[in-house]
Amino acid sequence: MNIKNLAEAKTNILSGLTVALALVPEAIAFALVAHVHPLVGLYAAFMVSLITSLIGGRPGMISGATGALAVVMVALVVQHGVEYLFATVVLMGVFQIVFGLAKSGKFIRMVPHPVMLGFVNGLAIVIFLAQMNHFKVTAANGTTSWMTGAPLYTMLGLIALTMAIIYLLPRLTRAVPSTLVAIASVSALVIFAGLETKTVGDMASIKGGLPQFHLPDVPFNLETLQIILPYSLILAGIGLIESLLTLNLIDTMTDTRGKPNRASVGQGIANVVTGFFGGMGGCAMIGQSMINVTNGAVKNISGIAAALFLLCFIVFASSWIEMIPLAALIGLMFVVSEKTFEWGSLRLFGKVPTADILVVVTVATVTVFTDLAIAVIVGVIISALVFAWQHAKNIEVRVTTEEHGWKVYDLHGSLFFASSQNFLTLFTPQTDPVEVVIDFKNARVKDHSGLEAIDQLADRYTQLGKKLHLRHLSPDCLELLDKARGMIEVNVLEDPQYHPADNRLG
């Protein structure tokens, strides 16, 4: 192994250690959100990170238990118990494997750029807001309130120190990740100075053994399937969306290209295994992935290292990890939030179409107030509607008259569901001569709605006793037309090498 490979391995391993430290409070928090034991979240973080990195993960991408999945799981756990969650995670993984094997991962490339910007900015805000819970204290009677006084000032000071080290250390040296140095330095300060502040151990104990294999303790019958099927489909969809969008983001940051289908299969296998070993399942984690990529770790070894370090924390070093001040990890996540947010998107106002700005803001807002999957779906729908509306306005005709008095409508544009009504308004059957021609040479019929519009127009001319001639219409369209089928001028028929997008073609 040469010096370059050694340096690369060191970077990835040290980054994996940093990521493992950041995984601990997140996994605990998400487990508590889902109403399961903290070890259920920690085991998921270990197994999902390890397996995806070994067999299918996008290099540099970190996977584990996530909040987007936890908020869906809570209803299932409360109503039916954690064993049903394990069964759901197994089925969720099966669906993700099928998705990947069907090579459906390529469709993530269809997500418009404004949706990606909204996704990134929304998640940056979510990461930031998620840290606010650490500024709350719980009284003896169970009520919570915001931290005040010396505890608040101590935590803010430690957060500021953490962030300062992360930002400033790279100016002096890049021999070790600044994030790892920041966590170690602030932890040492708190321990040796005896500062009173919240630690990882205040959230929950992370001490445990190796995860044990066991079949989910649920009845294997149709009733169980009816319970877990809806949850598994939703979780599979959310996990795939978050993972594939994170993959796209890392592709952009590193100027490389991941393999979405392989990543989908890898995530599915990881969730199947996790479900059989008492984990809550997971997907890509954008926060930890950003830590990794920012540290320069873009190999799968970083994810493997993170998983193994996390397992060591659980089995051997729980007492030490529980001493780490939350302020150090909060400061780290604040930096992640700042680096994740696309600040350049704020300069887009007035420079790009208003519709694109609307998509960015809408996706970011929906991500913050609901969840990622809904936000992306909403963004894609808005983008699709805007696209359809813009193209619907671009259909027009140029009217001429042939030597023998026939009126010719030279159609330009795309005829589909959004433009079909505009298409019908372009013609004046009442005042047109007896012989009328529509030339489709410069137009394309895109779907069944376009075909129906042609039939409807043909019917209008027929009822008035006039003859409509259709030129340069593709043979596929002619086969699907009903009332206009006999109006084609066979002697001028040309095949423009296009086909209407209609499901009746099979």
# chains A, B, ... in the order shown; residues from 1 in each chain; ligands from 1
$ select_by_dssp --residues "region 180-401 of chain A" --states "strand (DSSP E)" --output "ChimeraX atom specification"
/A:283-284,396-401
$ write_last_selection --atoms "N, CA and C atoms" --output "PDB file, in the first residue's frame"
ATOM      1  N   CYS A 283     -32.048   4.290   6.628  1.00  0.00           N
ATOM      2  CA  CYS A 283     -31.745   4.711   5.266  1.00  0.00           C
ATOM      3  C   CYS A 283     -30.586   5.696   5.334  1.00  0.00           C
ATOM      4  N   ALA A 284     -30.308   6.385   4.238  1.00  0.00           N
ATOM      5  CA  ALA A 284     -29.201   7.333   4.225  1.00  0.00           C
ATOM      6  C   ALA A 284     -29.472   8.489   5.186  1.00  0.00           C
ATOM      7  N   GLU A 396     -49.953  26.460 -31.356  1.00  0.00           N
ATOM      8  CA  GLU A 396     -50.503  27.516 -32.199  1.00  0.00           C
ATOM      9  C   GLU A 396     -50.678  27.000 -33.620  1.00  0.00           C
ATOM     10  N   VAL A 397     -51.406  27.776 -34.427  1.00  0.00           N
ATOM     11  CA  VAL A 397     -51.592  27.421 -35.837  1.00  0.00           C
ATOM     12  C   VAL A 397     -51.241  28.610 -36.723  1.00  0.00           C
ATOM     13  N   ARG A 398     -50.795  28.275 -37.899  1.00  0.00           N
ATOM     14  CA  ARG A 398     -50.552  29.280 -38.930  1.00  0.00           C
ATOM     15  C   ARG A 398     -51.496  28.978 -40.087  1.00  0.00           C
ATOM     16  N   VAL A 399     -52.366  29.916 -40.387  1.00  0.00           N
ATOM     17  CA  VAL A 399     -53.448  29.673 -41.347  1.00  0.00           C
ATOM     18  C   VAL A 399     -53.048  30.178 -42.737  1.00  0.00           C
ATOM     19  N   THR A 400     -53.226  29.307 -43.740  1.00  0.00           N
ATOM     20  CA  THR A 400     -53.008  29.677 -45.145  1.00  0.00           C
ATOM     21  C   THR A 400     -54.159  29.133 -45.980  1.00  0.00           C
ATOM     22  N   THR A 401     -54.192  29.540 -47.240  1.00  0.00           N
ATOM     23  CA  THR A 401     -55.238  29.047 -48.159  1.00  0.00           C
ATOM     24  C   THR A 401     -54.554  28.485 -49.388  1.00  0.00           C
TER      25      THR A 401
END
$ closest_atom_pairs --of "region 270-365 of chain A" --to "region 51-61 of chain A" --cutoff "12 Å" --atoms "only C-alpha atoms" --output "Markdown table"
| residue | atom | partner | partner_atom | distance |
| --- | --- | --- | --- | --- |
| A:Ala270 | CA | A:Ile51 | CA | 5.4 |
| A:Asn271 | CA | A:Ile51 | CA | 9.0 |
| A:Val272 | CA | A:Ile51 | CA | 10.5 |
| A:Val273 | CA | A:Ile51 | CA | 8.7 |
| A:Thr274 | CA | A:Ile51 | CA | 9.4 |
| A:Gly281 | CA | A:Ile51 | CA | 11.7 |
| A:Gly282 | CA | A:Thr52 | CA | 10.3 |
| A:Cys283 | CA | A:Thr52 | CA | 9.1 |
| A:Ala284 | CA | A:Met61 | CA | 6.8 |
| A:Met285 | CA | A:Met61 | CA | 7.7 |
| A:Ile286 | CA | A:Met61 | CA | 7.9 |
| A:Gly287 | CA | A:Met61 | CA | 9.9 |
| A:Gln288 | CA | A:Met61 | CA | 8.0 |
| A:Ser289 | CA | A:Met61 | CA | 5.0 |
| A:Met290 | CA | A:Met61 | CA | 8.2 |
| A:Ile291 | CA | A:Gly60 | CA | 9.6 |
| A:Asn292 | CA | A:Gly60 | CA | 6.3 |
| A:Val293 | CA | A:Gly60 | CA | 6.0 |
| A:Thr294 | CA | A:Gly60 | CA | 9.8 |
| A:Asn295 | CA | A:Gly60 | CA | 10.0 |
| A:Gly296 | CA | A:Gly60 | CA | 8.7 |
| A:Ala297 | CA | A:Gly60 | CA | 5.9 |
| A:Val298 | CA | A:Gly60 | CA | 3.9 |
| A:Lys299 | CA | A:Pro59 | CA | 4.6 |
| A:Asn300 | CA | A:Pro59 | CA | 4.6 |
| A:Ile301 | CA | A:Ser53 | CA | 7.2 |
| A:Ser302 | CA | A:Gly60 | CA | 6.8 |
| A:Gly303 | CA | A:Ser53 | CA | 5.5 |
| A:Ile304 | CA | A:Ser53 | CA | 5.9 |
| A:Ala305 | CA | A:Ser53 | CA | 9.5 |
| A:Ala306 | CA | A:Ser53 | CA | 9.9 |
| A:Ala307 | CA | A:Ile51 | CA | 9.0 |
| A:Leu308 | CA | A:Ile51 | CA | 11.1 |
$ write_last_selection --atoms "N, CA and C atoms" --output "tab-separated table (two decimals), in the first residue's frame"
chain	number	residue	atom	x	y	z
A	270	ALA	N	-29.89	-4.59	3.87
A	270	ALA	CA	-29.56	-4.11	5.20
A	270	ALA	C	-30.78	-4.09	6.11
A	271	ASN	N	-31.92	-3.66	5.58
A	271	ASN	CA	-33.13	-3.60	6.40
A	271	ASN	C	-33.70	-4.99	6.70
A	272	VAL	N	-33.59	-5.91	5.75
A	272	VAL	CA	-34.04	-7.28	6.02
A	272	VAL	C	-33.23	-7.88	7.17
A	273	VAL	N	-31.91	-7.74	7.11
A	273	VAL	CA	-31.04	-8.26	8.17
A	273	VAL	C	-31.32	-7.55	9.49
A	274	THR	N	-31.47	-6.23	9.43
A	274	THR	CA	-31.71	-5.46	10.65
A	274	THR	C	-32.99	-5.90	11.35
A	281	GLY	N	-34.39	-0.48	11.49
A	281	GLY	CA	-34.25	-0.17	10.07
A	281	GLY	C	-33.70	1.23	9.86
A	282	GLY	N	-33.42	1.56	8.62
A	282	GLY	CA	-32.86	2.88	8.36
A	282	GLY	C	-32.67	3.15	6.89
A	283	CYS	N	-32.05	4.29	6.63
A	283	CYS	CA	-31.75	4.71	5.27
A	283	CYS	C	-30.59	5.70	5.33
A	284	ALA	N	-30.31	6.39	4.24
A	284	ALA	CA	-29.20	7.33	4.23
A	284	ALA	C	-29.47	8.49	5.19
A	285	MET	N	-28.42	8.96	5.83
A	285	MET	CA	-28.50	10.09	6.77
A	285	MET	C	-27.72	11.26	6.17
A	286	ILE	N	-28.44	12.29	5.79
A	286	ILE	CA	-27.77	13.38	5.09
A	286	ILE	C	-26.79	14.11	5.99
A	287	GLY	N	-27.13	14.27	7.29
A	287	GLY	CA	-26.24	14.98	8.21
A	287	GLY	C	-24.90	14.29	8.34
A	288	GLN	N	-24.94	13.00	8.67
A	288	GLN	CA	-23.71	12.23	8.82
A	288	GLN	C	-22.97	12.07	7.49
A	289	SER	N	-23.71	11.98	6.40
A	289	SER	CA	-23.08	11.89	5.09
A	289	SER	C	-22.33	13.18	4.77
A	290	MET	N	-22.91	14.33	5.15
A	290	MET	CA	-22.23	15.59	4.93
A	290	MET	C	-20.96	15.70	5.78
A	291	ILE	N	-21.02	15.21	7.03
A	291	ILE	CA	-19.81	15.18	7.87
A	291	ILE	C	-18.72	14.39	7.15
A	292	ASN	N	-19.10	13.24	6.64
A	292	ASN	CA	-18.16	12.33	5.99
A	292	ASN	C	-17.53	12.96	4.76
A	293	VAL	N	-18.37	13.47	3.87
A	293	VAL	CA	-17.87	14.03	2.61
A	293	VAL	C	-17.04	15.28	2.87
A	294	THR	N	-17.48	16.11	3.82
A	294	THR	CA	-16.73	17.32	4.16
A	294	THR	C	-15.35	16.97	4.70
A	295	ASN	N	-15.24	15.85	5.40
A	295	ASN	CA	-13.94	15.40	5.91
A	295	ASN	C	-13.05	14.83	4.81
A	296	GLY	N	-13.61	14.69	3.61
A	296	GLY	CA	-12.83	14.13	2.50
A	296	GLY	C	-12.91	12.62	2.41
A	297	ALA	N	-13.84	12.02	3.16
A	297	ALA	CA	-14.00	10.57	3.15
A	297	ALA	C	-15.06	10.18	2.12
A	298	VAL	N	-14.63	9.67	0.99
A	298	VAL	CA	-15.56	9.32	-0.09
A	298	VAL	C	-15.42	7.85	-0.49
A	299	LYS	N	-14.99	7.01	0.45
A	299	LYS	CA	-14.88	5.58	0.21
A	299	LYS	C	-15.81	4.83	1.17
A	300	ASN	N	-16.16	3.61	0.78
A	300	ASN	CA	-17.04	2.80	1.63
A	300	ASN	C	-16.40	2.43	2.96
A	301	ILE	N	-15.08	2.50	3.03
A	301	ILE	CA	-14.41	2.14	4.27
A	301	ILE	C	-14.82	3.06	5.42
A	302	SER	N	-15.21	4.29	5.10
A	302	SER	CA	-15.64	5.22	6.15
A	302	SER	C	-16.94	4.74	6.80
A	303	GLY	N	-17.87	4.23	6.00
A	303	GLY	CA	-19.12	3.72	6.55
A	303	GLY	C	-18.90	2.44	7.35
A	304	ILE	N	-17.98	1.59	6.85
A	304	ILE	CA	-17.65	0.37	7.59
A	304	ILE	C	-17.01	0.72	8.92
A	305	ALA	N	-16.06	1.68	8.90
A	305	ALA	CA	-15.39	2.11	10.13
A	305	ALA	C	-16.40	2.69	11.12
A	306	ALA	N	-17.32	3.51	10.62
A	306	ALA	CA	-18.33	4.13	11.49
A	306	ALA	C	-19.15	3.05	12.19
A	307	ALA	N	-19.55	2.04	11.45
A	307	ALA	CA	-20.36	0.96	12.02
A	307	ALA	C	-19.58	0.18	13.08
A	308	LEU	N	-18.33	-0.15	12.79
A	308	LEU	CA	-17.53	-0.93	13.73
A	308	LEU	C	-17.19	-0.12	14.98
$ closest_residue --among "A:Met333, A:Ile234, A:Leu358, A:Val352" --to "Ala373 (chain A)" --atoms "only C-alpha atoms"
A:Ile234
$ residues_around --residues "region 75-79 of chain A" --least-positions-apart "6" --cutoff "9 Å" --atoms "only C-alpha atoms" --output "list in words"
Ala34, His35, Val36, Leu85, Ile227, Ile228 and Tyr231 of chain A
$ write_last_selection --atoms "N, CA and C atoms" --output "PDB file, in the first residue's frame"
ATOM      1  N   ALA A  34     -39.590   6.797  18.137  1.00  0.00           N
ATOM      2  CA  ALA A  34     -40.358   5.626  17.700  1.00  0.00           C
ATOM      3  C   ALA A  34     -40.878   4.787  18.863  1.00  0.00           C
ATOM      4  N   HIS A  35     -40.609   5.218  20.107  1.00  0.00           N
ATOM      5  CA  HIS A  35     -41.063   4.515  21.315  1.00  0.00           C
ATOM      6  C   HIS A  35     -40.454   3.122  21.437  1.00  0.00           C
ATOM      7  N   VAL A  36     -39.165   3.004  21.087  1.00  0.00           N
ATOM      8  CA  VAL A  36     -38.460   1.737  21.260  1.00  0.00           C
ATOM      9  C   VAL A  36     -37.207   1.984  22.094  1.00  0.00           C
ATOM     10  N   LEU A  85     -42.890  -4.063  14.470  1.00  0.00           N
ATOM     11  CA  LEU A  85     -41.964  -3.166  13.796  1.00  0.00           C
ATOM     12  C   LEU A  85     -40.851  -3.959  13.126  1.00  0.00           C
ATOM     13  N   ILE A 227     -51.577  -5.700   8.668  1.00  0.00           N
ATOM     14  CA  ILE A 227     -51.114  -4.661   9.586  1.00  0.00           C
ATOM     15  C   ILE A 227     -49.809  -4.045   9.110  1.00  0.00           C
ATOM     16  N   ILE A 228     -48.850  -4.890   8.728  1.00  0.00           N
ATOM     17  CA  ILE A 228     -47.506  -4.380   8.435  1.00  0.00           C
ATOM     18  C   ILE A 228     -47.336  -3.902   6.993  1.00  0.00           C
ATOM     19  N   TYR A 231     -47.462   0.022   6.377  1.00  0.00           N
ATOM     20  CA  TYR A 231     -46.292   0.671   6.980  1.00  0.00           C
ATOM     21  C   TYR A 231     -45.020   0.350   6.205  1.00  0.00           C
TER      22      TYR A 231
END
$ closest_residue --among "A:Ile191, A:Ile165, A:Ile97, A:Leu17" --to "Ile324 (chain A)" --atoms "only C-alpha atoms"
A:Ile191
$ select_by_dssp --residues "region 133-308 of chain A" --states "alpha helix (DSSP H)" --output "JSON, numbers by chain"
{"A": [149, 150, 151, 152, 153, 154, 155, 156, 157, 158, 159, 160, 161, 162, 163, 164, 165, 166, 167, 168, 178, 179, 180, 181, 182, 183, 184, 185, 186, 187, 188, 189, 190, 191, 192, 193, 222, 223, 224, 225, 226, 227, 228, 229, 230, 231, 232, 233, 234, 235, 236, 237, 238, 239, 240, 241, 242, 243, 244, 245, 246, 247, 248, 249, 250, 251, 252, 253, 254, 260, 261, 262, 263, 264, 265, 266, 267, 268, 269, 270, 271, 272, 273, 274, 275, 276, 286, 287, 288, 289, 290, 291, 292, 293, 294, 300, 301, 302, 303, 304, 305, 306, 307, 308]}
$ write_last_selection --atoms "C-alpha atoms" --output "mmCIF file, in the first residue's frame"
data_model
loop_
_atom_site.group_PDB
_atom_site.id
_atom_site.type_symbol
_atom_site.label_atom_id
_atom_site.label_comp_id
_atom_site.auth_asym_id
_atom_site.auth_seq_id
_atom_site.Cartn_x
_atom_site.Cartn_y
_atom_site.Cartn_z
ATOM 1 C CA GLY A 149 -28.778 30.620 33.466
ATOM 2 C CA ALA A 150 -25.341 29.056 33.875
ATOM 3 C CA PRO A 151 -26.259 25.691 32.220
ATOM 4 C CA LEU A 152 -27.411 27.530 29.089
ATOM 5 C CA TYR A 153 -24.345 29.780 28.942
ATOM 6 C CA THR A 154 -22.019 26.814 29.499
ATOM 7 C CA MET A 155 -23.639 24.844 26.696
ATOM 8 C CA LEU A 156 -23.590 27.820 24.310
ATOM 9 C CA GLY A 157 -19.917 28.447 25.085
ATOM 10 C CA LEU A 158 -19.016 24.817 24.411
ATOM 11 C CA ILE A 159 -21.011 24.851 21.183
ATOM 12 C CA ALA A 160 -19.211 27.997 20.055
ATOM 13 C CA LEU A 161 -15.829 26.440 20.920
ATOM 14 C CA THR A 162 -16.696 23.292 18.962
ATOM 15 C CA MET A 163 -17.732 25.272 15.895
ATOM 16 C CA ALA A 164 -14.630 27.494 16.105
ATOM 17 C CA ILE A 165 -12.318 24.473 16.116
ATOM 18 C CA ILE A 166 -14.153 22.874 13.182
ATOM 19 C CA TYR A 167 -13.945 26.038 11.091
ATOM 20 C CA LEU A 168 -10.450 27.245 12.066
ATOM 21 C CA SER A 178 -11.287 19.055 12.523
ATOM 22 C CA THR A 179 -14.630 17.596 13.596
ATOM 23 C CA LEU A 180 -12.923 14.785 15.523
ATOM 24 C CA VAL A 181 -10.450 17.197 17.142
ATOM 25 C CA ALA A 182 -13.331 19.461 18.162
ATOM 26 C CA ILE A 183 -15.278 16.644 19.849
ATOM 27 C CA ALA A 184 -12.183 15.304 21.619
ATOM 28 C CA SER A 185 -11.028 18.755 22.771
ATOM 29 C CA VAL A 186 -14.386 19.874 24.134
ATOM 30 C CA SER A 187 -14.925 16.494 25.819
ATOM 31 C CA ALA A 188 -11.506 16.729 27.492
ATOM 32 C CA LEU A 189 -12.247 20.274 28.665
ATOM 33 C CA VAL A 190 -15.552 19.250 30.217
ATOM 34 C CA ILE A 191 -14.141 16.130 31.891
ATOM 35 C CA PHE A 192 -10.921 17.589 33.287
ATOM 36 C CA ALA A 193 -12.368 20.997 34.196
ATOM 37 C CA LEU A 222 -52.898 -12.708 6.715
ATOM 38 C CA GLU A 223 -53.956 -10.424 9.573
ATOM 39 C CA THR A 224 -50.322 -9.636 10.389
ATOM 40 C CA LEU A 225 -49.630 -8.928 6.735
ATOM 41 C CA GLN A 226 -52.572 -6.524 6.606
ATOM 42 C CA ILE A 227 -51.114 -4.661 9.586
ATOM 43 C CA ILE A 228 -47.506 -4.380 8.435
ATOM 44 C CA LEU A 229 -48.007 -4.021 4.655
ATOM 45 C CA PRO A 230 -49.081 -0.337 4.595
ATOM 46 C CA TYR A 231 -46.292 0.671 6.980
ATOM 47 C CA SER A 232 -43.662 -1.287 5.072
ATOM 48 C CA LEU A 233 -44.635 0.332 1.766
ATOM 49 C CA ILE A 234 -44.525 3.832 3.250
ATOM 50 C CA LEU A 235 -41.217 3.194 5.022
ATOM 51 C CA ALA A 236 -39.694 1.663 1.888
ATOM 52 C CA GLY A 237 -40.729 4.693 -0.156
ATOM 53 C CA ILE A 238 -39.452 7.233 2.355
ATOM 54 C CA GLY A 239 -36.178 5.370 2.793
ATOM 55 C CA LEU A 240 -35.568 5.138 -0.947
ATOM 56 C CA ILE A 241 -36.422 8.778 -1.592
ATOM 57 C CA GLU A 242 -34.161 10.067 1.173
ATOM 58 C CA SER A 243 -31.315 7.739 0.207
ATOM 59 C CA LEU A 244 -31.441 8.383 -3.517
ATOM 60 C CA LEU A 245 -31.701 12.139 -3.093
ATOM 61 C CA THR A 246 -28.730 12.023 -0.723
ATOM 62 C CA LEU A 247 -26.897 9.951 -3.337
ATOM 63 C CA ASN A 248 -27.647 12.624 -5.932
ATOM 64 C CA LEU A 249 -26.387 15.331 -3.578
ATOM 65 C CA ILE A 250 -23.099 13.514 -2.955
ATOM 66 C CA ASP A 251 -22.748 12.947 -6.707
ATOM 67 C CA THR A 252 -22.935 16.705 -7.192
ATOM 68 C CA MET A 253 -20.537 17.505 -4.339
ATOM 69 C CA THR A 254 -17.893 14.980 -5.402
ATOM 70 C CA PRO A 260 -28.931 4.129 -7.440
ATOM 71 C CA ASN A 261 -30.139 0.603 -8.231
ATOM 72 C CA ARG A 262 -27.280 -1.007 -6.347
ATOM 73 C CA ALA A 263 -27.800 1.393 -3.446
ATOM 74 C CA SER A 264 -31.497 0.445 -3.339
ATOM 75 C CA VAL A 265 -30.711 -3.276 -3.228
ATOM 76 C CA GLY A 266 -28.035 -2.723 -0.582
ATOM 77 C CA GLN A 267 -30.402 -0.736 1.585
ATOM 78 C CA GLY A 268 -33.065 -3.405 1.209
ATOM 79 C CA ILE A 269 -30.716 -6.213 2.260
ATOM 80 C CA ALA A 270 -29.555 -4.106 5.203
ATOM 81 C CA ASN A 271 -33.131 -3.604 6.400
ATOM 82 C CA VAL A 272 -34.037 -7.280 6.019
ATOM 83 C CA VAL A 273 -31.041 -8.260 8.167
ATOM 84 C CA THR A 274 -31.713 -5.458 10.651
ATOM 85 C CA GLY A 275 -35.280 -6.611 11.149
ATOM 86 C CA PHE A 276 -34.028 -10.088 12.096
ATOM 87 C CA ILE A 286 -27.770 13.379 5.088
ATOM 88 C CA GLY A 287 -26.241 14.979 8.207
ATOM 89 C CA GLN A 288 -23.706 12.227 8.820
ATOM 90 C CA SER A 289 -23.080 11.894 5.086
ATOM 91 C CA MET A 290 -22.229 15.594 4.926
ATOM 92 C CA ILE A 291 -19.807 15.177 7.866
ATOM 93 C CA ASN A 292 -18.160 12.332 5.991
ATOM 94 C CA VAL A 293 -17.872 14.033 2.607
ATOM 95 C CA THR A 294 -16.734 17.322 4.164
ATOM 96 C CA ASN A 300 -17.042 2.804 1.625
ATOM 97 C CA ILE A 301 -14.406 2.138 4.272
ATOM 98 C CA SER A 302 -15.644 5.216 6.152
ATOM 99 C CA GLY A 303 -19.116 3.718 6.545
ATOM 100 C CA ILE A 304 -17.652 0.368 7.591
ATOM 101 C CA ALA A 305 -15.395 2.105 10.134
ATOM 102 C CA ALA A 306 -18.325 4.127 11.494
ATOM 103 C CA ALA A 307 -20.356 0.955 12.020
ATOM 104 C CA LEU A 308 -17.527 -0.933 13.730
#
$ residues_around --residues "region 29-31 of chain A" --least-positions-apart "3" --cutoff "10 Å" --atoms "only C-alpha atoms" --output "compact mmCIF listing (two decimals) with N, CA and C atoms, in the first residue's frame"
# COMPACT_ATOMS: atom_id res chain seq x y z
N LEU A 23 -23.42 9.60 15.38
CA LEU A 23 -24.55 8.68 15.24
C LEU A 23 -25.21 8.37 16.57
N VAL A 24 -24.43 8.39 17.64
CA VAL A 24 -24.96 7.94 18.94
C VAL A 24 -26.18 8.73 19.38
N PRO A 25 -26.08 10.07 19.56
CA PRO A 25 -27.26 10.79 20.04
C PRO A 25 -28.42 10.76 19.06
N GLU A 26 -28.11 10.75 17.76
CA GLU A 26 -29.18 10.72 16.76
C GLU A 26 -29.94 9.39 16.83
N ALA A 34 -39.59 6.80 18.14
CA ALA A 34 -40.36 5.63 17.70
C ALA A 34 -40.88 4.79 18.86
N HIS A 35 -40.61 5.22 20.11
CA HIS A 35 -41.06 4.52 21.32
C HIS A 35 -40.45 3.12 21.44
N VAL A 36 -39.16 3.00 21.09
CA VAL A 36 -38.46 1.74 21.26
C VAL A 36 -37.21 1.98 22.09
N HIS A 37 -36.58 0.91 22.56
CA HIS A 37 -35.38 1.02 23.40
C HIS A 37 -34.25 1.66 22.59
N PRO A 38 -33.41 2.50 23.23
CA PRO A 38 -32.30 3.13 22.50
C PRO A 38 -31.42 2.15 21.74
N LEU A 39 -31.23 0.94 22.29
CA LEU A 39 -30.39 -0.04 21.60
C LEU A 39 -30.99 -0.48 20.26
N VAL A 40 -32.31 -0.39 20.13
CA VAL A 40 -32.95 -0.73 18.86
C VAL A 40 -32.50 0.25 17.78
N GLY A 41 -32.36 1.52 18.15
CA GLY A 41 -31.85 2.52 17.22
C GLY A 41 -30.37 2.38 16.96
N LEU A 42 -29.60 2.08 18.01
CA LEU A 42 -28.16 1.93 17.86
C LEU A 42 -27.80 0.70 17.04
N ALA A 44 -29.65 -0.60 14.75
CA ALA A 44 -30.01 -0.28 13.37
C ALA A 44 -28.92 0.56 12.72
N ALA A 65 -30.37 4.73 11.40
CA ALA A 65 -31.73 5.07 11.83
C ALA A 65 -31.98 6.55 11.59
N THR A 66 -33.14 6.89 11.05
CA THR A 66 -33.43 8.28 10.72
C THR A 66 -34.78 8.72 11.29
N GLY A 67 -34.89 10.04 11.46
CA GLY A 67 -36.12 10.60 11.99
C GLY A 67 -37.29 10.47 11.04
N ALA A 68 -37.02 10.55 9.72
CA ALA A 68 -38.09 10.44 8.74
C ALA A 68 -38.81 9.11 8.85
N LEU A 69 -38.07 8.04 9.16
CA LEU A 69 -38.69 6.72 9.34
C LEU A 69 -39.31 6.59 10.73
N ALA A 70 -38.66 7.17 11.74
CA ALA A 70 -39.13 7.03 13.12
C ALA A 70 -40.52 7.60 13.32
N VAL A 71 -40.83 8.72 12.67
CA VAL A 71 -42.13 9.34 12.88
C VAL A 71 -43.25 8.50 12.29
N MET A 73 -42.97 5.07 12.21
CA MET A 73 -42.97 3.84 13.01
C MET A 73 -43.76 3.97 14.31
N VAL A 74 -43.82 5.18 14.87
CA VAL A 74 -44.35 5.34 16.22
C VAL A 74 -45.78 4.81 16.33
N ALA A 130 -33.66 20.25 15.01
CA ALA A 130 -33.63 19.02 15.81
C ALA A 130 -32.74 19.17 17.03
N ASN A 133 -34.11 20.52 20.92
CA ASN A 133 -34.60 19.69 22.02
C ASN A 133 -33.55 19.52 23.11
N MET A 203 -29.08 11.22 27.99
CA MET A 203 -30.16 10.80 27.09
C MET A 203 -30.58 9.37 27.40
N ALA A 204 -29.62 8.47 27.47
CA ALA A 204 -29.90 7.06 27.77
C ALA A 204 -28.56 6.32 27.81
N GLY A 279 -33.30 -4.45 15.06
CA GLY A 279 -33.06 -3.04 14.73
C GLY A 279 -34.29 -2.40 14.11
N MET A 280 -34.35 -1.07 14.15
CA MET A 280 -35.53 -0.35 13.66
C MET A 280 -35.42 0.02 12.17
$ atom_distance --atom1 "CA of His391 (chain A)" --atom2 "CA of Leu424 (chain A)"
15.6 Å
$ closest_residue --among "A:Gly278, A:Gly64, A:Asp432, A:Arg171" --to "Phe213 (chain A)" --atoms "only C-alpha atoms"
A:Gly278
$ residues_around --residues "Leu348 (chain A)" --least-positions-apart "4" --cutoff "12 Å" --atoms "only C-alpha atoms" --output "ChimeraX atom specification"
/A:114,117,342-344,352-358,360-361
$ residues_around --residues "region 375-384 of chain A" --least-positions-apart "3" --cutoff "10 Å" --atoms "only C-alpha atoms" --output "PyMOL selection string"
chain A and resi 110-116+118-119+122+238+241-242+245+355-356+358-372+387-390
$ atom_distance --atom1 "CA of Ser319 (chain A)" --atom2 "CA of Gly194 (chain A)"
16.4 Å
$ closest_residue --among "A:Ile206, A:Leu32, A:Leu91, A:Ile125" --to "Ile314 (chain A)" --atoms "only C-alpha atoms"
A:Ile206
